[in-house]
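Structure file model.cif (mmCIF, C-alpha atoms) follows.
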data_coords
loop_
_atom_site.label_atom_id
_atom_site.label_comp_id
_atom_site.auth_asym_id
_atom_site.auth_seq_id
_atom_site.Cartn_x
_atom_site.Cartn_y
_atom_site.Cartn_z
CA MET A 27 115.46 67.13 78.98
CA LYS A 28 113.10 68.99 76.67
CA LEU A 29 111.91 72.56 77.02
CA TYR A 30 108.62 73.42 75.35
CA VAL A 31 108.71 77.00 74.11
CA SER A 32 106.85 79.43 71.84
CA PRO A 33 108.98 81.96 69.95
CA GLY A 34 108.00 85.54 70.74
CA ALA A 35 106.13 84.75 73.96
CA PRO A 36 107.67 86.37 77.04
CA SER A 37 107.54 83.44 79.48
CA PRO A 38 109.51 80.88 77.45
CA ARG A 39 111.92 83.66 76.56
CA ARG A 40 112.64 84.14 80.26
CA VAL A 41 113.75 80.52 80.61
CA MET A 42 115.78 80.63 77.39
CA MET A 43 117.60 83.78 78.58
CA PHE A 44 118.23 82.09 81.92
CA MET A 45 119.80 79.12 80.09
CA VAL A 46 122.03 81.36 77.95
CA GLU A 47 123.23 83.25 81.04
CA LYS A 48 124.25 79.92 82.58
CA SER A 49 125.61 78.45 79.32
CA ILE A 50 123.25 75.50 79.74
CA THR A 51 123.27 73.20 76.72
CA GLY A 52 121.82 69.79 76.04
CA ILE A 53 118.16 70.69 76.58
CA ASP A 54 116.14 70.16 73.39
CA LEU A 55 113.81 73.02 72.48
CA VAL A 56 110.38 71.97 71.20
CA ASN A 57 108.16 74.64 69.65
CA VAL A 58 104.49 74.83 70.62
CA ASP A 59 102.32 76.79 68.17
CA LEU A 60 100.10 79.02 70.28
CA ASN A 61 98.28 80.54 67.32
CA ALA A 62 97.26 77.07 66.16
CA HIS A 63 96.13 76.35 69.76
CA GLU A 64 98.57 73.46 69.96
CA HIS A 65 99.00 74.21 73.68
CA LYS A 66 95.32 73.43 74.23
CA GLY A 67 95.49 70.09 72.44
CA GLU A 68 95.35 66.77 74.25
CA ALA A 69 98.99 65.87 73.55
CA TYR A 70 100.41 69.02 75.10
CA ARG A 71 97.94 69.06 77.98
CA ALA A 72 99.13 65.58 78.91
CA LYS A 73 102.43 67.30 79.71
CA SER A 74 101.26 70.75 80.84
CA PRO A 75 97.73 70.32 82.21
CA LEU A 76 96.96 74.02 82.38
CA ALA A 77 98.16 74.49 78.79
CA THR A 78 100.95 76.84 79.84
CA VAL A 79 104.25 77.34 78.03
CA PRO A 80 107.12 76.92 78.90
CA ALA A 81 107.28 73.39 80.31
CA LEU A 82 110.42 71.42 81.15
CA GLU A 83 110.17 67.67 80.61
CA LEU A 84 112.68 65.89 82.82
CA ASP A 85 114.48 62.73 81.76
CA ASP A 86 112.28 60.67 84.07
CA GLY A 87 109.15 61.94 82.30
CA ARG A 88 107.94 64.34 84.95
CA VAL A 89 107.10 67.80 83.70
CA LEU A 90 107.80 71.06 85.49
CA THR A 91 105.78 74.10 84.46
CA GLU A 92 105.78 77.73 85.63
CA THR A 93 108.64 79.87 84.43
CA ARG A 94 110.21 80.71 87.76
CA ALA A 95 109.91 77.15 89.09
CA ILE A 96 111.81 75.92 86.01
CA CYS A 97 114.49 78.51 86.74
CA THR A 98 114.71 77.35 90.36
CA TYR A 99 115.31 73.82 89.10
CA LEU A 100 117.95 74.89 86.58
CA GLU A 101 119.69 77.07 89.17
CA GLY A 102 120.04 73.98 91.34
CA LEU A 103 121.53 71.94 88.50
CA HIS A 104 123.78 74.77 87.30
CA PRO A 105 124.56 77.04 90.26
CA GLU A 106 126.98 79.32 88.38
CA PRO A 107 126.70 82.12 87.57
CA ASN A 108 124.25 82.66 90.39
CA LEU A 109 121.06 84.43 89.29
CA MET A 110 118.66 83.85 92.21
CA GLY A 111 120.71 84.50 95.35
CA VAL A 112 123.56 82.74 97.12
CA ASP A 113 121.94 82.49 100.55
CA THR A 114 118.52 82.84 102.13
CA GLU A 115 118.72 86.55 102.58
CA GLU A 116 119.82 87.32 99.05
CA ARG A 117 117.34 84.80 97.65
CA ALA A 118 114.54 86.62 99.45
CA PHE A 119 115.53 90.10 98.27
CA ILE A 120 116.01 88.93 94.67
CA GLU A 121 112.63 87.17 94.85
CA MET A 122 111.10 90.44 96.04
CA ALA A 123 112.59 92.31 93.08
CA ASP A 124 111.56 89.58 90.65
CA ARG A 125 108.00 89.52 91.94
CA ARG A 126 107.70 93.29 91.77
CA VAL A 127 108.71 93.11 88.12
CA GLU A 128 106.48 90.14 87.40
CA HIS A 129 103.32 91.27 89.17
CA TYR A 130 103.36 95.02 88.66
CA LEU A 131 105.11 95.36 85.30
CA LEU A 132 104.95 92.14 83.28
CA ALA A 133 101.43 91.15 84.36
CA ARG A 134 100.07 94.59 83.50
CA ILE A 135 101.85 94.63 80.16
CA ALA A 136 100.38 91.19 79.47
CA ASN A 137 96.92 92.40 80.49
CA THR A 138 97.25 95.40 78.19
CA VAL A 139 98.45 93.43 75.20
CA ARG A 140 96.08 90.51 75.67
CA HIS A 141 93.03 92.74 76.08
CA THR A 142 93.78 95.37 73.43
CA HIS A 143 95.89 93.78 70.66
CA PRO A 144 93.89 92.17 67.83
CA GLY A 145 96.68 89.63 67.37
CA LEU A 146 96.13 88.30 70.87
CA ALA A 147 92.39 87.81 70.47
CA PRO A 148 92.84 84.08 69.74
CA LEU A 149 94.54 83.69 73.13
CA GLU A 150 92.36 85.96 75.27
CA GLN A 151 88.61 85.57 75.06
CA PRO A 152 86.71 87.67 75.80
CA GLN A 153 88.94 90.73 75.46
CA PHE A 154 88.07 93.78 77.59
CA PRO A 155 89.70 96.73 75.79
CA ASP A 156 88.72 99.31 78.43
CA PHE A 157 90.34 97.21 81.13
CA GLY A 158 93.40 96.79 78.89
CA GLN A 159 93.72 100.54 78.38
CA SER A 160 93.43 101.13 82.10
CA GLN A 161 96.23 98.61 82.66
CA ALA A 162 98.35 100.47 80.09
CA GLN A 163 98.18 103.54 82.29
CA LYS A 164 99.33 101.50 85.29
CA VAL A 165 102.21 100.11 83.18
CA ARG A 166 103.46 103.65 82.60
CA GLU A 167 103.16 104.50 86.30
CA ILE A 168 105.12 101.46 87.47
CA ALA A 169 107.68 101.80 84.66
CA ALA A 170 108.37 105.34 85.89
CA TRP A 171 108.95 103.90 89.37
CA PHE A 172 111.43 101.36 87.99
CA ASP A 173 113.12 104.20 86.09
CA HIS A 174 113.75 105.91 89.43
CA VAL A 175 115.03 102.66 90.95
CA LEU A 176 117.52 102.35 88.09
CA GLU A 177 118.76 105.89 88.67
CA ARG A 178 120.13 104.60 91.97
CA GLN A 179 121.26 101.05 91.17
CA ALA A 180 122.65 99.20 88.15
CA TYR A 181 120.16 96.34 88.02
CA MET A 182 116.65 95.51 89.13
CA ALA A 183 117.69 93.74 92.35
CA GLY A 184 120.80 95.80 93.10
CA GLU A 185 124.32 95.96 91.73
CA ARG A 186 124.44 92.69 89.83
CA PHE A 187 122.47 91.02 87.04
CA THR A 188 119.83 88.57 88.33
CA ILE A 189 116.68 86.76 87.31
CA ALA A 190 114.75 89.97 88.00
CA ASP A 191 116.53 91.60 85.04
CA ILE A 192 115.54 88.70 82.82
CA THR A 193 111.90 89.04 83.84
CA ALA A 194 111.98 92.80 83.36
CA PHE A 195 113.76 92.66 80.00
CA CYS A 196 111.25 90.16 78.61
CA ALA A 197 108.46 92.40 79.94
CA ILE A 198 109.84 95.56 78.30
CA GLU A 199 110.42 93.73 75.02
CA PHE A 200 106.85 92.37 75.12
CA ALA A 201 105.66 95.94 75.72
CA LYS A 202 106.63 96.81 72.16
CA LEU A 203 103.23 95.33 71.30
CA MET A 204 101.64 98.19 73.26
CA LYS A 205 104.08 100.65 71.64
CA PHE A 206 105.82 101.30 74.94
CA ASN A 207 109.36 102.63 74.61
CA PRO A 208 111.02 103.81 77.85
CA GLY A 209 113.26 106.39 76.16
CA LYS A 210 110.40 108.06 74.35
CA GLU A 211 108.33 108.07 77.55
CA GLY A 212 110.99 110.07 79.39
CA MET A 213 112.51 107.17 81.32
CA PRO A 214 116.21 107.34 80.43
CA ALA A 215 117.50 105.10 83.22
CA LEU A 216 115.06 102.34 82.24
CA GLN A 217 116.05 102.73 78.60
CA ALA A 218 119.78 102.61 79.41
CA TRP A 219 119.28 99.49 81.53
CA ARG A 220 117.23 97.90 78.73
CA ASP A 221 119.98 98.63 76.18
CA LYS A 222 122.62 97.22 78.53
CA VAL A 223 120.69 93.95 78.90
CA ALA A 224 119.95 93.81 75.17
CA ALA A 225 123.71 93.84 74.52
CA ARG A 226 124.27 90.65 76.52
CA PRO A 227 124.35 87.37 74.60
CA SER A 228 121.13 86.37 76.39
CA GLY A 229 119.48 89.58 75.22
CA LYS A 230 119.80 88.57 71.60
CA ILE A 231 117.65 85.44 71.65
CA ARG A 232 114.00 85.57 70.63
CA MET B 18 111.29 92.43 113.36
CA LYS B 19 107.92 93.92 112.51
CA LEU B 20 105.36 92.55 110.09
CA TYR B 21 102.92 95.05 108.61
CA VAL B 22 99.55 93.39 108.04
CA SER B 23 95.92 94.18 107.27
CA PRO B 24 93.32 91.93 108.87
CA GLY B 25 91.09 90.25 106.31
CA ALA B 26 93.41 90.76 103.34
CA PRO B 27 94.65 87.50 101.80
CA SER B 28 98.34 88.35 101.32
CA PRO B 29 99.22 89.24 104.92
CA ARG B 30 97.15 86.25 106.01
CA ARG B 31 99.45 84.01 103.98
CA VAL B 32 102.49 85.19 105.93
CA MET B 33 100.68 84.95 109.26
CA MET B 34 99.62 81.35 108.49
CA PHE B 35 103.20 80.57 107.49
CA MET B 36 104.41 81.90 110.85
CA VAL B 37 101.86 79.86 112.81
CA GLU B 38 102.85 76.68 110.94
CA LYS B 39 106.47 77.29 111.95
CA SER B 40 105.63 78.48 115.49
CA ILE B 41 107.49 81.70 114.81
CA THR B 42 107.11 84.21 117.63
CA GLY B 43 108.78 87.50 118.44
CA ILE B 44 107.71 89.37 115.31
CA ASP B 45 105.53 92.37 116.15
CA LEU B 46 102.39 92.73 114.05
CA VAL B 47 101.54 96.27 112.97
CA ASN B 48 98.14 96.91 111.41
CA VAL B 49 97.87 99.02 108.27
CA ASP B 50 94.38 100.39 107.58
CA LEU B 51 93.74 99.83 103.88
CA ASN B 52 90.30 101.39 103.93
CA ALA B 53 91.77 104.60 105.33
CA HIS B 54 94.44 104.41 102.59
CA GLU B 55 97.15 104.27 105.23
CA HIS B 56 99.21 102.07 102.88
CA LYS B 57 99.34 104.93 100.38
CA GLY B 58 100.55 107.46 102.92
CA GLU B 59 104.08 108.78 103.00
CA ALA B 60 105.03 107.01 106.22
CA TYR B 61 104.13 103.55 104.97
CA ARG B 62 105.53 104.13 101.49
CA ALA B 63 108.86 104.96 103.08
CA LYS B 64 108.87 101.30 104.11
CA SER B 65 106.93 99.67 101.26
CA PRO B 66 107.41 101.91 98.19
CA LEU B 67 104.72 100.19 96.11
CA ALA B 68 102.24 100.48 99.00
CA THR B 69 101.88 96.73 99.29
CA VAL B 70 101.01 94.81 102.45
CA PRO B 71 102.50 92.68 103.98
CA ALA B 72 105.99 94.06 104.59
CA LEU B 73 108.60 92.66 106.94
CA GLU B 74 110.86 95.23 108.58
CA LEU B 75 114.15 93.63 109.59
CA ASP B 76 116.07 94.59 112.70
CA ASP B 77 118.62 96.46 110.57
CA GLY B 78 115.87 98.64 109.10
CA ARG B 79 115.67 97.05 105.66
CA VAL B 80 112.18 96.11 104.54
CA LEU B 81 111.22 93.02 102.61
CA THR B 82 107.94 93.08 100.70
CA GLU B 83 106.16 90.50 98.53
CA THR B 84 104.43 87.69 100.36
CA ARG B 85 106.40 84.77 98.97
CA ALA B 86 109.76 86.54 99.35
CA ILE B 87 108.96 87.13 103.03
CA CYS B 88 108.17 83.42 103.36
CA THR B 89 111.48 82.51 101.69
CA TYR B 90 113.28 84.64 104.27
CA LEU B 91 111.38 83.14 107.20
CA GLU B 92 111.93 79.61 105.87
CA GLY B 93 115.66 80.29 105.95
CA LEU B 94 115.53 81.54 109.54
CA HIS B 95 113.19 78.77 110.69
CA PRO B 96 113.72 75.73 108.46
CA GLU B 97 111.37 73.43 110.38
CA PRO B 98 108.77 72.30 109.59
CA ASN B 99 109.76 72.64 105.96
CA LEU B 100 107.07 74.29 103.83
CA MET B 101 108.94 75.20 100.62
CA GLY B 102 111.02 72.12 99.76
CA VAL B 103 114.06 70.42 101.25
CA ASP B 104 116.20 70.38 98.10
CA THR B 105 116.28 72.01 94.67
CA GLU B 106 113.97 69.50 93.06
CA GLU B 107 111.30 69.68 95.72
CA ARG B 108 111.62 73.45 95.93
CA ALA B 109 110.94 73.67 92.20
CA PHE B 110 107.89 71.41 92.25
CA ILE B 111 106.41 73.17 95.29
CA GLU B 112 107.07 76.52 93.61
CA MET B 113 105.21 75.22 90.55
CA ALA B 114 102.22 74.25 92.67
CA ASP B 115 102.31 77.53 94.58
CA ARG B 116 102.46 79.59 91.41
CA ARG B 117 99.61 77.66 89.84
CA VAL B 118 97.51 78.49 92.87
CA GLU B 119 98.65 82.09 93.00
CA HIS B 120 98.37 82.98 89.32
CA TYR B 121 95.37 80.98 88.19
CA LEU B 122 93.25 80.84 91.36
CA LEU B 123 94.15 83.63 93.78
CA ALA B 124 94.83 86.29 91.13
CA ARG B 125 91.52 85.61 89.40
CA ILE B 126 89.64 85.63 92.68
CA ALA B 127 91.31 88.94 93.49
CA ASN B 128 90.40 90.30 90.05
CA THR B 129 86.80 89.23 90.54
CA VAL B 130 86.45 90.69 94.01
CA ARG B 131 88.33 93.90 93.26
CA HIS B 132 86.38 94.60 90.08
CA THR B 133 82.88 93.57 91.22
CA HIS B 134 82.60 94.09 94.99
CA PRO B 135 81.43 97.56 96.08
CA GLY B 136 83.50 97.23 99.25
CA LEU B 137 86.69 97.00 97.19
CA ALA B 138 85.97 100.13 95.14
CA PRO B 139 88.21 102.27 97.36
CA LEU B 140 91.13 99.95 96.54
CA GLU B 141 90.51 99.35 92.81
CA GLN B 142 89.83 102.33 90.59
CA PRO B 143 88.44 102.14 88.03
CA GLN B 144 86.51 98.90 88.52
CA PHE B 145 85.60 96.91 85.39
CA PRO B 146 82.64 94.74 86.46
CA ASP B 147 82.35 92.90 83.12
CA PHE B 148 86.01 91.91 83.34
CA GLY B 149 85.45 90.86 86.94
CA GLN B 150 82.50 88.65 86.01
CA SER B 151 84.53 87.04 83.26
CA GLN B 152 87.28 86.31 85.76
CA ALA B 153 84.69 84.74 88.08
CA GLN B 154 83.95 82.19 85.38
CA LYS B 155 87.64 81.39 85.08
CA VAL B 156 87.84 80.98 88.87
CA ARG B 157 85.18 78.26 88.67
CA GLU B 158 87.00 76.51 85.84
CA ILE B 159 90.36 76.43 87.60
CA ALA B 160 88.77 75.51 90.94
CA ALA B 161 87.23 72.47 89.24
CA TRP B 162 90.71 71.52 88.01
CA PHE B 163 92.12 71.80 91.54
CA ASP B 164 89.19 69.69 92.75
CA HIS B 165 90.34 66.92 90.39
CA VAL B 166 93.95 67.31 91.59
CA LEU B 167 92.77 66.85 95.17
CA GLU B 168 90.90 63.67 94.24
CA ARG B 169 94.34 62.16 93.59
CA GLN B 170 96.54 63.74 96.26
CA ALA B 171 96.13 65.01 99.81
CA TYR B 172 97.56 68.50 99.35
CA MET B 173 98.15 71.06 96.62
CA ALA B 174 101.78 70.08 95.99
CA GLY B 175 101.49 66.37 96.79
CA GLU B 176 101.20 64.32 99.96
CA ARG B 177 102.28 66.88 102.51
CA PHE B 178 101.17 70.34 103.60
CA THR B 179 103.23 73.15 101.98
CA ILE B 180 103.16 76.85 101.23
CA ALA B 181 100.92 76.08 98.24
CA ASP B 182 98.17 75.02 100.66
CA ILE B 183 98.52 78.29 102.53
CA THR B 184 98.20 80.29 99.31
CA ALA B 185 95.22 78.22 98.18
CA PHE B 186 93.45 78.37 101.54
CA CYS B 187 93.76 82.15 101.72
CA ALA B 188 92.47 82.32 98.15
CA ILE B 189 89.41 80.14 98.85
CA GLU B 190 88.64 82.08 102.02
CA PHE B 191 88.91 85.36 100.10
CA ALA B 192 86.52 83.90 97.51
CA LYS B 193 83.72 84.09 100.07
CA LEU B 194 83.48 87.72 98.91
CA MET B 195 82.43 86.41 95.50
CA LYS B 196 80.11 83.88 97.15
CA PHE B 197 82.23 80.97 96.00
CA ASN B 198 81.80 77.79 98.06
CA PRO B 199 83.49 74.66 96.68
CA GLY B 200 81.00 72.23 98.22
CA LYS B 201 77.98 74.00 96.79
CA GLU B 202 79.71 74.21 93.40
CA GLY B 203 80.05 70.43 93.22
CA MET B 204 83.74 70.27 94.17
CA PRO B 205 83.80 67.90 97.15
CA ALA B 206 87.56 67.19 97.14
CA LEU B 207 88.34 70.91 97.19
CA GLN B 208 85.83 71.41 100.00
CA ALA B 209 87.25 68.51 102.04
CA TRP B 210 90.78 69.85 101.59
CA ARG B 211 89.61 73.34 102.60
CA ASP B 212 87.96 71.96 105.77
CA LYS B 213 91.11 69.98 106.61
CA VAL B 214 93.26 73.11 106.36
CA ALA B 215 90.70 75.19 108.27
CA ALA B 216 91.03 72.75 111.19
CA ARG B 217 94.77 73.42 111.56
CA PRO B 218 95.84 76.05 114.11
CA SER B 219 97.07 78.19 111.23
CA GLY B 220 93.64 77.96 109.60
CA LYS B 221 92.01 79.75 112.49
CA ILE B 222 93.83 83.06 112.26
CA ARG B 223 92.28 85.98 110.41
#
Could I get this file's structure written as structure tokens?
Amino acid sequence: MKLYVSPGAPSPRRVMMFMVEKSITGIDLVNVDLNAHEHKGEAYRAKSPLATVPALELDDGRVLTETRAICTYLEGLHPEPNLMGVDTEERAFIEMADRRVEHYLLARIANTVRHTHPGLAPLEQPQFPDFGQSQAQKVREIAAWFDHVLERQAYMAGERFTIADITAFCAIEFAKLMKFNPGKEGMPALQAWRDKVAARPSGKIR
Amino acid sequence: MKLYVSPGAPSPRRVMMFMVEKSITGIDLVNVDLNAHEHKGEAYRAKSPLATVPALELDDGRVLTETRAICTYLEGLHPEPNLMGVDTEERAFIEMADRRVEHYLLARIANTVRHTHPGLAPLEQPQFPDFGQSQAQKVREIAAWFDHVLERQAYMAGERFTIADITAFCAIEFAKLMKFNPGKEGMPALQAWRDKVAARPSGKIR
């Protein structure tokens, strides 16, 4: 199998962290140069029609896109350690936590960065800086909520590390581009959780 | 169990369609008045801390939020008819289709409506109409892509009806608020698919 990735982008990083957590080897990484618009070229679109990265090319030639769908597939192939829930009930509650992180934290960080950072202008046209700044405020509000969650529990979905922590860690790391640092914003539980995840082997990949 | 819903809003509609497709009964529906900001009140936030609707209150008092997580839970309780995949591989490919619909169609429709429609001003502050109009253009681009997909296959994820069709149908219905009509936009396959879903019992609920 081949995994198409772009170093520094949060979505491929999520899948790469997921693979490290599961000690998955044997999947070739293929870099896609976003700044050169390689993802919008005909060759890549033949694999990922909406020009999204990451994409997992299976051995039979089919291509799976969408970060979390790729993780679902890999979790099936490599069930241990479990990251997405061992039964229906746990799967649902972890999915809830993962979606809260993805929709209310990561998406708003992405909106902020894509609409305010000059370096992202090639990828987001037109940029709406006022909208981006407004999203930055919402990032700080939701991050404060997650800080309170982490005062009461060790990880995003409860007492064990799951896919929701991967999504959240990649979000917080991406938020460096909007100069967001939980510790300096008065969110010590979020900062401590971030440092704990950063110390894992999966937290060291880029 | 109780399901907290808001008539007319696309996310609770997704869960209600899912329940009709599976003939699930015995879950009490409780209306939450978004226009009166009931979802932001203390009582509702005690159940759904991020003030999101829908929310499924379990018999043991725990509350599950996030549309797709609720569906995952209900799929586990009521496996037939299957809407989210019968094995890992199908689950992953249906999740891919569902996420494509949710992130690139529904989210952009929601951005358009929330940032341009006066009726949504109470729910989206501040509104950024220029951003909303830009998103409307992206809605038309991605809808045209889905139109081409539906020229080649009967449903959003392939040859059978799945959760991705529910997400897409609720998105297209919500897009009436931005005066988007696939047939009038020159997207006959998308219109035919929409009419096919609308004719199902689940397509008739509001």
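Taking CA of Arg125 (chain A) as the reference point, CA of Ala86 (chain B) is found at 8.2 Å.
Applied to the file shown here, the PyMOL selection byres ((chain A and resi 70-86) around 6) selects the residues Met27, Lys28, Leu29, Tyr30, Val31, Pro38, His65, Lys66, Gly67, Glu68, Ala69, Gly87, Arg88, Val89, Leu90 and Thr91 of chain A.
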Selection result for the PyMOL selection byres ((chain A) within 9 of (chain B)) on this file, as a PyMOL selection string:
chain A and resi 76+90-103+113-123+125-126+152-154+156-157+160+168+171
Near-Ala218 (chain A) list (12 Å; all atoms listed in the file; drop same-chain fewer than 6 positions) as a CSV table (one decimal) with C-alpha atoms, in the frame of the given file:
chain,number,residue,atom,x,y,z
A,173,ASP,CA,113.1,104.2,86.1
A,176,LEU,CA,117.5,102.4,88.1
A,177,GLU,CA,118.8,105.9,88.7
A,179,GLN,CA,121.3,101.0,91.2
A,180,ALA,CA,122.6,99.2,88.2
A,181,TYR,CA,120.2,96.3,88.0
A,195,PHE,CA,113.8,92.7,80.0
A,207,ASN,CA,109.4,102.6,74.6
A,208,PRO,CA,111.0,103.8,77.8
A,209,GLY,CA,113.3,106.4,76.2
A,210,LYS,CA,110.4,108.1,74.4
A,212,GLY,CA,111.0,110.1,79.4
A,224,ALA,CA,120.0,93.8,75.2
A,225,ALA,CA,123.7,93.8,74.5
Would you kindly identify which residues have an atom no farther than 12 Å from (92.2, 71.4, 103.8), using all atoms listed in the file and the file's own coordinates, and write them out as a PyMOL selection string?
chain B and resi 164+167+170-173+177-179+181-187+189-190+199+205-220
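Counting only C-alpha atoms and comparing A:Ala133, A:Leu146, A:Val139, A:Ile53, the residue that lies closest to Leu203 (chain A) is A:Val139.
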Axis-aligned box over every listed atom of region 150-169 of chain B, padded by 8 Å per side: centre and edges in Å to one decimal, as lines of an AutoDock Vina configuration file?
center_x = 88.4
center_y = 75.4
center_z = 89.2
size_x = 27.8
size_y = 42.5
size_z = 27.9
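Between CA of Gln154 (chain B) and CA of Glu176 (chain B) the interatomic distance comes to 28.8 Å.
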Your completed region 27-34 of chain B with all heavy atoms, as a short mmCIF file (atom, residue, chain, number, x, y, z; two decimals), keeping the file's coordinate frame:
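Listed below is the output, selection-v2.cif:
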data_model
loop_
_atom_site.label_atom_id
_atom_site.label_comp_id
_atom_site.auth_asym_id
_atom_site.auth_seq_id
_atom_site.Cartn_x
_atom_site.Cartn_y
_atom_site.Cartn_z
N PRO B 27 94.08 88.84 101.98
CA PRO B 27 94.65 87.50 101.80
C PRO B 27 96.17 87.45 101.86
O PRO B 27 96.72 86.47 102.37
CB PRO B 27 94.13 87.07 100.42
CG PRO B 27 93.68 88.31 99.73
CD PRO B 27 93.31 89.30 100.81
N SER B 28 96.88 88.46 101.37
CA SER B 28 98.34 88.35 101.32
C SER B 28 98.98 88.36 102.71
O SER B 28 99.80 87.48 103.01
CB SER B 28 98.93 89.45 100.44
OG SER B 28 98.49 89.28 99.10
N PRO B 29 98.65 89.32 103.57
CA PRO B 29 99.22 89.24 104.92
C PRO B 29 98.80 87.96 105.65
O PRO B 29 99.59 87.39 106.42
CB PRO B 29 98.68 90.49 105.63
CG PRO B 29 97.77 91.17 104.69
CD PRO B 29 97.90 90.56 103.34
N ARG B 30 97.59 87.50 105.37
CA ARG B 30 97.15 86.25 106.01
C ARG B 30 98.07 85.09 105.63
O ARG B 30 98.32 84.20 106.45
CB ARG B 30 95.70 85.96 105.58
CG ARG B 30 95.07 84.81 106.33
CD ARG B 30 93.62 84.64 105.89
NE ARG B 30 92.94 83.63 106.70
CZ ARG B 30 91.64 83.37 106.59
NH1 ARG B 30 90.89 84.05 105.73
NH2 ARG B 30 91.08 82.45 107.33
N ARG B 31 98.54 85.07 104.40
CA ARG B 31 99.45 84.01 103.98
C ARG B 31 100.70 83.98 104.85
O ARG B 31 101.14 82.92 105.30
CB ARG B 31 99.86 84.21 102.51
CG ARG B 31 98.74 83.91 101.53
CD ARG B 31 99.01 84.49 100.15
NE ARG B 31 100.13 83.88 99.46
CZ ARG B 31 100.63 84.35 98.30
NH1 ARG B 31 100.11 85.45 97.75
NH2 ARG B 31 101.62 83.73 97.72
N VAL B 32 101.28 85.15 105.10
CA VAL B 32 102.49 85.19 105.93
C VAL B 32 102.17 84.82 107.37
O VAL B 32 102.93 84.09 108.02
CB VAL B 32 103.15 86.59 105.86
CG1 VAL B 32 104.35 86.65 106.79
CG2 VAL B 32 103.58 86.91 104.43
N MET B 33 101.03 85.27 107.87
CA MET B 33 100.68 84.95 109.26
C MET B 33 100.44 83.45 109.42
O MET B 33 100.85 82.85 110.43
CB MET B 33 99.47 85.78 109.70
CG MET B 33 99.84 87.26 109.89
SD MET B 33 98.53 88.24 110.69
CE MET B 33 97.33 88.34 109.35
N MET B 34 99.79 82.81 108.43
CA MET B 34 99.62 81.35 108.49
C MET B 34 100.98 80.65 108.47
O MET B 34 101.22 79.68 109.20
CB MET B 34 98.78 80.85 107.30
CG MET B 34 97.30 81.01 107.47
SD MET B 34 96.36 80.21 106.09
CE MET B 34 96.52 78.45 106.50
#
